[in-house]
file upload_10.txt (compact mmCIF, C-alpha atoms)
# COMPACT_ATOMS: atom_id res chain seq x y z
CA MET A 1 -87.85 5.77 81.10
CA SER A 2 -87.61 5.07 77.44
CA ARG A 3 -84.12 4.88 75.78
CA VAL A 4 -85.24 6.24 72.39
CA PRO A 5 -84.34 9.85 73.15
CA GLY A 6 -80.71 8.80 74.02
CA TRP A 7 -80.24 7.00 70.70
CA LEU A 8 -81.64 9.96 68.84
CA GLY A 9 -79.25 12.24 70.70
CA ARG A 10 -76.17 10.20 69.69
CA LEU A 11 -77.37 10.13 66.03
CA GLY A 12 -77.79 13.87 66.03
CA ALA A 13 -74.34 14.37 67.56
CA GLY A 14 -72.78 12.18 64.83
CA LEU A 15 -74.50 14.07 62.04
CA THR A 16 -73.41 17.33 63.55
CA GLU A 17 -69.76 16.17 63.69
CA MET A 18 -69.91 14.95 60.04
CA GLY A 19 -71.27 18.30 58.91
CA GLU A 20 -68.44 20.14 60.67
CA ARG A 21 -65.86 17.97 58.90
CA LEU A 22 -67.48 18.62 55.51
CA ASP A 23 -67.41 22.35 56.22
CA GLU A 24 -63.72 22.18 57.07
CA ARG A 25 -62.97 20.23 53.88
CA ARG A 26 -64.93 22.69 51.78
CA ALA A 27 -63.03 25.57 53.33
CA GLU A 28 -59.70 23.91 52.53
CA VAL A 29 -60.72 23.35 48.89
CA GLU A 30 -61.84 26.93 48.50
CA LYS A 31 -58.56 28.12 50.00
CA GLU A 32 -56.53 26.06 47.53
CA HIS A 33 -58.43 27.51 44.56
CA ALA A 34 -58.16 31.02 45.89
CA GLU A 35 -54.36 30.90 46.64
CA PRO A 36 -52.36 28.64 44.27
CA ALA A 37 -49.38 26.88 45.74
CA PRO A 38 -45.93 28.33 44.89
CA GLU A 39 -43.85 26.63 42.13
CA PRO A 40 -41.25 24.25 43.47
CA ALA A 41 -37.70 25.43 43.13
CA ALA A 42 -35.22 23.72 40.79
CA GLY A 43 -34.06 20.49 42.33
CA ASP A 44 -36.95 20.29 44.85
CA ALA A 45 -38.98 17.13 44.93
CA VAL A 46 -42.51 17.54 43.60
CA PRO A 47 -45.11 16.02 45.98
CA LEU A 48 -47.23 13.39 44.31
CA PRO A 49 -50.47 11.84 45.44
CA ASP A 50 -50.19 8.69 47.44
CA HIS A 51 -51.84 6.53 44.78
CA VAL A 52 -49.23 7.49 42.06
CA THR A 53 -46.25 5.08 41.59
CA VAL A 54 -42.93 6.78 40.79
CA VAL A 55 -41.18 5.15 37.72
CA PRO A 56 -37.45 5.96 37.34
CA ALA A 57 -36.47 7.70 34.06
CA ARG A 58 -34.67 5.56 31.42
CA PRO A 59 -31.04 6.48 30.76
CA ASP A 60 -29.79 7.76 27.41
CA PRO A 61 -28.90 4.74 25.17
CA ALA A 62 -25.52 6.27 24.31
CA GLN A 63 -24.74 6.58 28.01
CA ALA A 64 -25.91 3.05 28.73
CA VAL A 65 -23.30 1.58 26.31
CA PRO A 66 -19.87 1.11 27.95
CA TRP A 67 -17.18 3.58 26.92
CA GLY A 68 -14.87 0.91 25.45
CA VAL A 69 -17.65 -0.49 23.26
CA ARG A 70 -18.49 3.01 22.00
CA VAL A 71 -14.83 3.67 21.10
CA ALA A 72 -14.59 0.32 19.32
CA ALA A 73 -17.78 1.05 17.37
CA GLU A 74 -16.57 4.52 16.36
CA ALA A 75 -13.24 3.11 15.17
CA GLY A 76 -14.93 0.13 13.52
CA TRP A 77 -17.21 2.03 11.18
CA ARG A 78 -14.36 4.33 10.16
CA VAL A 79 -12.17 1.29 9.39
CA LEU A 80 -15.04 -0.20 7.35
CA VAL A 81 -15.35 3.03 5.35
CA LEU A 82 -11.61 3.08 4.65
CA ALA A 83 -11.61 -0.61 3.72
CA GLY A 84 -14.54 -0.07 1.37
CA THR A 85 -12.76 2.88 -0.24
CA VAL A 86 -9.58 0.85 -0.74
CA TRP A 87 -11.58 -2.06 -2.15
CA VAL A 88 -13.37 0.17 -4.66
CA LEU A 89 -10.03 1.76 -5.60
CA MET A 90 -8.48 -1.66 -6.17
CA ARG A 91 -11.42 -2.69 -8.34
CA VAL A 92 -11.04 0.45 -10.44
CA ILE A 93 -7.29 -0.12 -10.79
CA SER A 94 -7.89 -3.75 -11.81
CA ALA A 95 -10.39 -2.64 -14.44
CA VAL A 96 -7.85 -0.23 -16.00
CA GLN A 97 -4.74 -2.12 -14.97
CA LEU A 98 -2.97 -1.66 -18.31
CA VAL A 99 -3.40 2.12 -18.24
CA VAL A 100 -2.30 2.41 -14.60
CA LEU A 101 0.81 0.27 -15.10
CA ALA A 102 1.72 2.16 -18.26
CA PHE A 103 1.42 5.50 -16.49
CA VAL A 104 3.41 4.31 -13.45
CA ALA A 105 6.11 2.93 -15.76
CA ALA A 106 6.16 6.31 -17.50
CA LEU A 107 6.64 8.00 -14.12
CA LEU A 108 9.61 5.73 -13.33
CA ILE A 109 11.21 6.32 -16.73
CA THR A 110 10.59 10.05 -16.43
CA ALA A 111 12.26 10.09 -13.02
CA LEU A 112 15.28 8.43 -14.64
CA MET A 113 15.42 10.78 -17.68
CA GLN A 114 14.39 14.08 -16.10
CA PRO A 115 17.89 14.98 -14.81
CA THR A 116 19.23 14.64 -18.36
CA VAL A 117 16.55 17.00 -19.69
CA ALA A 118 17.35 19.52 -16.94
CA ARG A 119 21.05 19.33 -17.73
CA LEU A 120 20.44 19.92 -21.45
CA ARG A 121 18.20 22.88 -20.55
CA ARG A 122 21.04 24.38 -18.49
CA TYR A 123 23.30 24.05 -21.52
CA GLY A 124 20.90 26.30 -23.44
CA LEU A 125 18.94 23.71 -25.42
CA PRO A 126 15.18 24.51 -25.69
CA ARG A 127 12.71 22.31 -23.85
CA GLY A 128 11.32 20.58 -26.95
CA PRO A 129 14.64 19.44 -28.46
CA ALA A 130 16.00 18.50 -25.00
CA THR A 131 12.94 16.32 -24.34
CA ALA A 132 13.07 14.70 -27.80
CA LEU A 133 16.80 13.99 -27.62
CA THR A 134 16.57 12.49 -24.13
CA ALA A 135 13.55 10.32 -24.98
CA ILE A 136 15.05 9.06 -28.24
CA LEU A 137 18.35 8.12 -26.62
CA GLY A 138 16.62 6.46 -23.67
CA PHE A 139 14.23 4.35 -25.69
CA VAL A 140 16.93 3.42 -28.21
CA ILE A 141 19.13 2.14 -25.38
CA MET A 142 16.24 0.11 -23.95
CA GLY A 143 15.44 -1.33 -27.37
CA LEU A 144 19.08 -2.28 -27.95
CA ILE A 145 19.21 -4.08 -24.61
CA GLY A 146 16.09 -6.08 -25.48
CA TRP A 147 17.41 -6.89 -28.95
CA PHE A 148 20.81 -7.95 -27.55
CA VAL A 149 19.24 -10.33 -25.05
CA THR A 150 17.02 -11.90 -27.72
CA TRP A 151 19.95 -12.24 -30.12
CA GLN A 152 22.17 -13.90 -27.51
CA VAL A 153 19.45 -16.37 -26.56
CA MET A 154 18.74 -17.31 -30.18
CA GLU A 155 22.46 -17.70 -30.94
CA ASN A 156 23.14 -19.97 -27.97
CA ILE A 157 19.87 -21.91 -27.80
CA ASP A 158 21.20 -24.93 -29.73
CA THR A 159 24.41 -25.13 -27.73
CA LEU A 160 22.51 -24.65 -24.52
CA SER A 161 20.06 -27.40 -25.45
CA ASN A 162 22.90 -29.87 -26.04
CA GLN A 163 24.59 -28.84 -22.82
CA ILE A 164 21.34 -29.22 -20.90
CA GLN A 165 20.90 -32.73 -22.32
CA ASP A 166 24.44 -33.65 -21.31
CA GLY A 167 23.86 -32.14 -17.91
CA ILE A 168 20.68 -34.17 -17.44
CA ASP A 169 22.60 -37.35 -18.31
CA GLU A 170 25.32 -36.48 -15.82
CA LEU A 171 22.70 -35.67 -13.18
CA ARG A 172 21.09 -39.05 -13.81
CA LYS A 173 24.42 -40.85 -13.36
CA TRP A 174 25.08 -38.88 -10.18
CA LEU A 175 21.65 -39.83 -8.78
CA LEU A 176 22.27 -43.52 -9.57
CA ASN A 177 25.60 -43.47 -7.73
CA SER A 178 24.48 -41.14 -4.93
CA PRO A 179 23.73 -42.24 -1.35
CA PHE A 180 20.02 -41.46 -1.92
CA HIS A 181 19.51 -45.00 -3.34
CA VAL A 182 17.68 -43.77 -6.44
CA THR A 183 17.14 -46.58 -8.96
CA ASP A 184 17.03 -46.41 -12.75
CA LYS A 185 13.39 -47.52 -12.63
CA GLN A 186 12.42 -44.57 -10.44
CA ILE A 187 14.17 -42.12 -12.76
CA ASN A 188 12.42 -43.59 -15.79
CA GLN A 189 9.09 -43.41 -13.97
CA ILE A 190 9.65 -39.70 -13.20
CA ALA A 191 10.49 -39.01 -16.86
CA LYS A 192 7.38 -40.95 -17.97
CA ASN A 193 5.19 -38.95 -15.58
CA LEU A 194 6.56 -35.71 -16.98
CA ARG A 195 5.84 -36.80 -20.57
CA ASP A 196 2.31 -37.89 -19.61
CA ALA A 197 1.66 -34.58 -17.88
CA ILE A 198 2.80 -32.65 -20.93
CA GLY A 199 0.66 -34.81 -23.21
CA ALA A 200 -2.41 -34.47 -21.00
CA ASN A 201 -2.08 -30.67 -20.89
CA THR A 202 -1.55 -30.20 -24.62
CA ASP A 203 -4.88 -28.38 -24.98
CA GLN A 204 -4.05 -26.03 -22.14
CA ILE A 205 -0.62 -25.33 -23.62
CA THR A 206 -2.22 -24.60 -27.00
CA SER A 207 -4.78 -22.25 -25.44
CA ALA A 208 -1.98 -20.55 -23.53
CA GLY A 209 -0.19 -20.05 -26.83
CA LEU A 210 -3.32 -18.50 -28.32
CA GLU A 211 -3.67 -16.28 -25.27
CA GLY A 212 -0.08 -15.25 -25.85
CA VAL A 213 -1.23 -13.33 -28.90
CA THR A 214 -3.51 -11.26 -26.68
CA VAL A 215 -0.67 -10.74 -24.25
CA VAL A 216 1.56 -9.47 -27.05
CA VAL A 217 -1.12 -7.03 -28.20
CA GLU A 218 -1.62 -5.75 -24.65
CA ALA A 219 2.14 -5.45 -24.20
CA LEU A 220 2.47 -3.36 -27.38
CA THR A 221 -0.42 -1.16 -26.26
CA GLY A 222 1.18 -0.67 -22.86
CA ILE A 223 4.52 0.20 -24.48
CA LEU A 224 2.90 2.84 -26.70
CA LEU A 225 1.03 4.33 -23.71
CA THR A 226 4.26 4.40 -21.72
CA VAL A 227 6.16 6.13 -24.54
CA PHE A 228 3.52 8.84 -25.05
CA SER A 229 3.08 9.39 -21.30
CA THR A 230 6.84 9.70 -20.84
CA LEU A 231 7.11 12.29 -23.62
CA PHE A 232 4.37 14.46 -22.16
CA LEU A 233 5.70 14.13 -18.61
CA LEU A 234 9.20 15.11 -19.72
CA TYR A 235 7.98 18.04 -21.78
CA ASP A 236 5.11 19.40 -19.69
CA GLY A 237 5.46 17.79 -16.27
CA ARG A 238 5.43 21.03 -14.27
CA ARG A 239 2.22 22.34 -15.83
CA ILE A 240 0.57 18.92 -15.37
CA TRP A 241 1.47 19.10 -11.67
CA GLU A 242 0.11 22.64 -11.36
CA TRP A 243 -3.17 21.55 -13.00
CA THR A 244 -3.37 18.60 -10.58
CA LEU A 245 -2.99 20.96 -7.63
CA LYS A 246 -6.12 22.82 -8.73
CA LEU A 247 -8.13 19.65 -8.05
CA VAL A 248 -7.03 19.67 -4.40
CA PRO A 249 -9.20 21.62 -1.88
CA ALA A 250 -7.84 25.06 -1.13
CA ALA A 251 -7.30 24.31 2.57
CA ALA A 252 -5.06 21.31 1.79
CA ARG A 253 -3.34 22.80 -1.26
CA PRO A 254 -0.26 24.28 0.51
CA GLY A 255 0.59 20.98 2.17
CA VAL A 256 0.15 18.97 -1.05
CA ALA A 257 2.18 21.54 -2.99
CA GLY A 258 5.07 21.04 -0.56
CA ALA A 259 4.76 17.24 -0.50
CA GLY A 260 4.83 16.90 -4.31
CA PRO A 261 8.46 17.96 -4.93
CA ARG A 262 9.67 15.83 -2.03
CA ALA A 263 7.82 12.80 -3.39
CA TRP A 264 9.36 13.39 -6.80
CA ARG A 265 12.87 13.62 -5.31
CA THR A 266 12.26 10.34 -3.47
CA LEU A 267 11.09 8.63 -6.66
CA THR A 268 14.06 9.98 -8.63
CA ALA A 269 16.50 8.82 -5.97
CA TYR A 270 14.89 5.37 -5.86
CA VAL A 271 14.97 4.83 -9.64
CA ARG A 272 18.51 6.13 -10.04
CA GLY A 273 19.81 4.14 -7.09
CA THR A 274 18.05 0.95 -8.22
CA VAL A 275 19.56 1.27 -11.71
CA ILE A 276 23.06 1.72 -10.27
CA VAL A 277 22.68 -1.22 -7.86
CA ALA A 278 21.20 -3.47 -10.58
CA LEU A 279 24.05 -2.55 -12.95
CA ILE A 280 26.68 -3.42 -10.33
CA ASP A 281 24.94 -6.75 -9.58
CA ALA A 282 24.75 -7.64 -13.28
CA ILE A 283 28.41 -6.77 -13.92
CA PHE A 284 29.93 -8.67 -11.00
CA ILE A 285 27.65 -11.73 -11.17
CA GLY A 286 28.07 -11.79 -14.96
CA LEU A 287 31.86 -11.73 -14.60
CA GLY A 288 31.70 -14.56 -12.08
CA ILE A 289 29.51 -16.64 -14.40
CA TYR A 290 31.79 -15.87 -17.35
CA PHE A 291 34.99 -16.96 -15.56
CA LEU A 292 33.25 -20.15 -14.42
CA ASN A 293 32.58 -20.98 -18.11
CA VAL A 294 28.80 -20.98 -17.70
CA PRO A 295 27.16 -20.54 -21.13
CA MET A 296 25.02 -17.47 -21.95
CA ALA A 297 26.81 -15.36 -19.34
CA VAL A 298 25.85 -12.06 -21.00
CA PRO A 299 22.09 -12.83 -21.33
CA LEU A 300 22.07 -14.08 -17.73
CA ALA A 301 23.71 -10.82 -16.61
CA VAL A 302 21.05 -8.83 -18.46
CA PHE A 303 18.32 -10.91 -16.79
CA ILE A 304 19.93 -10.23 -13.41
CA PHE A 305 19.86 -6.48 -14.21
CA LEU A 306 16.16 -6.57 -15.15
CA PHE A 307 15.07 -8.76 -12.24
CA ALA A 308 16.85 -6.43 -9.79
CA PHE A 309 13.96 -3.97 -10.21
CA VAL A 310 11.75 -6.41 -8.27
CA PRO A 311 13.07 -6.14 -4.70
CA LEU A 312 13.99 -9.38 -2.88
CA VAL A 313 12.05 -11.66 -5.21
CA GLY A 314 13.93 -10.59 -8.35
CA ALA A 315 17.32 -11.28 -6.82
CA VAL A 316 16.23 -14.76 -5.72
CA VAL A 317 14.74 -15.65 -9.12
CA SER A 318 17.68 -14.37 -11.17
CA GLY A 319 20.22 -16.04 -8.88
CA ALA A 320 18.31 -19.33 -9.00
CA LEU A 321 18.20 -19.14 -12.81
CA ALA A 322 21.98 -18.71 -12.99
CA VAL A 323 22.53 -21.61 -10.58
CA VAL A 324 20.19 -23.92 -12.52
CA VAL A 325 21.91 -23.12 -15.83
CA ALA A 326 25.30 -23.82 -14.24
CA LEU A 327 24.00 -27.06 -12.71
CA VAL A 328 22.64 -28.56 -15.94
CA THR A 329 25.57 -27.43 -18.08
CA GLN A 330 28.71 -27.57 -15.91
CA GLY A 331 27.84 -29.78 -12.98
CA VAL A 332 27.34 -29.53 -9.22
CA PHE A 333 30.68 -27.90 -8.33
CA THR A 334 30.22 -25.05 -10.80
CA ALA A 335 26.64 -24.55 -9.60
CA VAL A 336 27.86 -24.27 -6.01
CA MET A 337 30.49 -21.73 -7.04
CA VAL A 338 27.87 -19.67 -8.90
CA LEU A 339 25.68 -19.77 -5.81
CA VAL A 340 28.61 -18.48 -3.71
CA VAL A 341 29.20 -15.62 -6.18
CA VAL A 342 25.50 -14.69 -6.23
CA LEU A 343 25.18 -14.72 -2.44
CA ALA A 344 28.39 -12.70 -1.96
CA VAL A 345 27.31 -9.98 -4.42
CA GLN A 346 23.81 -9.81 -2.96
CA GLN A 347 25.18 -9.49 0.58
CA ILE A 348 27.41 -6.61 -0.51
CA GLU A 349 24.43 -5.05 -2.25
CA GLY A 350 22.14 -5.30 0.76
CA HIS A 351 24.60 -4.10 3.41
CA VAL A 352 26.80 -1.64 1.51
CA LEU A 353 25.43 -0.52 -1.85
CA GLN A 354 21.79 0.12 -1.03
CA PRO A 355 22.36 2.10 2.21
CA PHE A 356 25.12 4.13 0.53
CA ILE A 357 23.46 4.80 -2.83
CA LEU A 358 19.78 4.98 -1.92
CA GLY A 359 20.33 6.66 1.46
CA ARG A 360 17.70 7.46 4.06
CA ALA A 361 15.35 9.20 1.64
CA VAL A 362 13.94 5.93 0.33
CA ARG A 363 14.69 3.61 3.23
CA VAL A 364 11.80 1.20 3.75
CA HIS A 365 11.58 -1.49 6.40
CA PRO A 366 12.20 -5.02 5.02
CA LEU A 367 8.80 -6.19 6.30
CA ALA A 368 7.13 -3.35 4.37
CA VAL A 369 9.11 -4.35 1.27
CA VAL A 370 8.02 -8.00 1.51
CA LEU A 371 4.36 -7.16 2.13
CA SER A 372 4.23 -4.51 -0.59
CA VAL A 373 5.87 -6.77 -3.18
CA ALA A 374 3.48 -9.60 -2.28
CA ALA A 375 0.42 -7.33 -2.44
CA GLY A 376 1.56 -5.73 -5.70
CA GLY A 377 2.17 -9.13 -7.27
CA MET A 378 -1.27 -10.38 -6.21
CA ILE A 379 -3.00 -7.28 -7.58
CA ALA A 380 -1.13 -6.67 -10.84
CA GLY A 381 1.41 -9.46 -11.34
CA ILE A 382 5.04 -8.62 -12.14
CA GLY A 383 4.22 -4.99 -12.92
CA GLY A 384 2.58 -4.56 -9.54
CA ALA A 385 5.59 -6.10 -7.79
CA VAL A 386 7.91 -3.66 -9.61
CA VAL A 387 5.98 -0.50 -8.69
CA ALA A 388 5.01 -1.56 -5.14
CA VAL A 389 8.21 -0.53 -3.36
CA PRO A 390 8.61 2.92 -4.99
CA LEU A 391 4.95 3.55 -4.23
CA VAL A 392 5.50 2.69 -0.57
CA ALA A 393 8.65 4.85 -0.45
CA VAL A 394 6.84 7.84 -1.96
CA THR A 395 3.86 7.35 0.37
CA ASN A 396 6.20 7.23 3.36
CA THR A 397 7.79 10.53 2.30
CA VAL A 398 4.45 12.24 1.69
CA VAL A 399 2.92 11.09 4.98
CA GLY A 400 6.00 12.18 6.93
CA TYR A 401 6.01 15.62 5.33
CA LEU A 402 2.27 16.17 5.83
CA ARG A 403 2.55 15.19 9.49
CA ALA A 404 5.42 17.63 10.03
CA TYR A 405 3.57 20.32 8.06
CA SER A 406 0.42 19.95 10.18
CA VAL A 407 2.46 20.16 13.41
CA SER A 408 4.29 23.29 12.25
CA THR A 409 1.05 24.89 11.05
CA ARG A 410 -0.61 24.22 14.41
CA ALA A 411 2.40 25.65 16.26
CA ARG A 412 2.36 28.80 14.12
CA GLY A 413 -1.38 29.23 14.76
CA GLU A 414 -0.93 28.88 18.52
CA SER A 415 1.95 31.38 18.58
CA ARG A 416 -0.11 33.84 16.52
CA GLU A 417 -3.07 33.52 18.90
CA SER A 418 -0.85 34.03 21.95
CA SER A 419 0.75 37.14 20.44
CA ALA A 420 -2.68 38.57 19.56
CA GLN A 421 -4.03 38.32 23.17
CA PRO A 422 -4.19 41.66 25.13
CA ALA A 423 -1.53 42.13 27.77
CA ASP A 424 -3.93 43.40 30.49
CA SER A 425 -2.85 40.84 33.05
CA VAL A 426 0.72 42.12 33.30
CA PRO A 427 1.40 43.19 36.92
CA GLU A 428 2.36 46.78 37.58
CA GLN A 429 5.92 47.54 38.49
call {"tool": "encode", "arguments": {"input": "upload_10.txt", "output": "structure tokens"}}
result
Amino acid sequence: MSRVPGWLGRLGAGLTEMGERLDERRAEVEKEHAEPAPEPAAGDAVPLPDHVTVVPARPDPAQAVPWGVRVAAEAGWRVLVLAGTVWVLMRVISAVQLVVLAFVAALLITALMQPTVARLRRYGLPRGPATALTAILGFVIMGLIGWFVTWQVMENIDTLSNQIQDGIDELRKWLLNSPFHVTDKQINQIAKNLRDAIGANTDQITSAGLEGVTVVVEALTGILLTVFSTLFLLYDGRRIWEWTLKLVPAAARPGVAGAGPRAWRTLTAYVRGTVIVALIDAIFIGLGIYFLNVPMAVPLAVFIFLFAFVPLVGAVVSGALAVVVALVTQGVFTAVMVLVVVLAVQQIEGHVLQPFILGRAVRVHPLAVVLSVAAGGMIAGIGGAVVAVPLVAVTNTVVGYLRAYSVSTRARGESRESSAQPADSVPEQ
């Protein structure tokens, strides 16, 4: 019997089975189009075809950076902004340095003279005459002090020159006989080197003398600016302060208005206390120099008074000047005695006078004094060193008041909010 019909039977059965599968697939597709699948709920995994590869989502860049690095970056750009602001401010101050120093000097002089104007006003004198009388007396006294110092120096310059020459000769003899084994040839070589250095720098000395004319002109300009600024501050200081407050944003105006009088009291206390301390230093060191027969005792005392307005550095420079003058005029023993007098007076000043006279209102840490004097001297020379410490003292007072004011304001706001809340949570009795 032929096997062809069997093969045809199996082929027909296979085709029949394939057709049934296609019918089932078609029915499933039609069912999907007729009834859409429900939306997956939030958080449910969405089924994906088998041929699709799942790629994890990239994290937010801000979240990928470690927390410490983000904090450092946030603080860093704020520090850069503050540093840039300070740098621009310093550049502006350097460009108008003469005007700034003149105005700050006027503020210091006004702080010294303002109590006198207020006292004259209480005696019934009008504001204009009280201001004019105080300013005239103050500037006349300053002018007399400058004239007296110049007159004393000019009167004693010849005697001092001879005494310095004698002192140099005595110092030379002492070096020759000292245990340092200094020879006459070495001393002559040092003197020759000094003469050569002076001769080689003659052009620079001449140019410095020519530049001195410019310095004198700038000094006169600064003095005139200081005088006019002092007059206006004495006469119209309150209205100038009120006009300045209008430039402050309204939200910060109450705090600044309260910080201003406290800053002014700190500045007044600093100037008055510094004048008293400088006067005591000048009197006692001047008396010690006078009784030790050091020449130019009175001009040296005046220099000590003026240098006392530069904290730390001024006392060292003025004391060293007195010791050097005593050394070259009266010898080593007198110089040592002058040094003892200077150190004793300065120790009494630092541990007794300043804490008692200046008080806590203007107390500044010694490290802050050193850094502020150094920074002020680098920025604006001697004038910057003079105004650095009062500026730091005033800033310390203002910052302390504003911090306390912000804390009290926040506490008042919180108490007001708590009192305004409804009392519906009070339990029944």
call {"tool": "axis_aligned_box", "arguments": {"input": "upload_10.txt", "around": "segment 290-305 of chain A", "padding_each_side": "8 Å", "output": "lines of an AutoDock Vina configuration file"}}
result
center_x = 26.7
center_y = -13.7
center_z = -17.7
size_x = 32.7
size_y = 30.5
size_z = 24.5
call {"tool": "residues_around", "arguments": {"input": "upload_10.txt", "residues": "Ala105 of chain A", "least_positions_apart": "2", "cutoff": "10 Å", "atoms": "only C-alpha atoms", "output": "VMD selection string"}}
result
chain A and resid 99 to 103 107 to 111 222 to 223 225 to 227 229 to 230 383 386 to 387
call {"tool": "residues_around", "arguments": {"input": "upload_10.txt", "residues": "Trp151 of chain A", "least_positions_apart": "6", "cutoff": "12 Å", "atoms": "only C-alpha atoms", "output": "ChimeraX atom specification"}}
result
/A:144-145,157,296,298-299
call {"tool": "atom_distance", "arguments": {"input": "upload_10.txt", "atom1": "atom CA of Trp264 of chain A", "atom2": "atom CA of Val313 of chain A"}}
result
25.2 Å
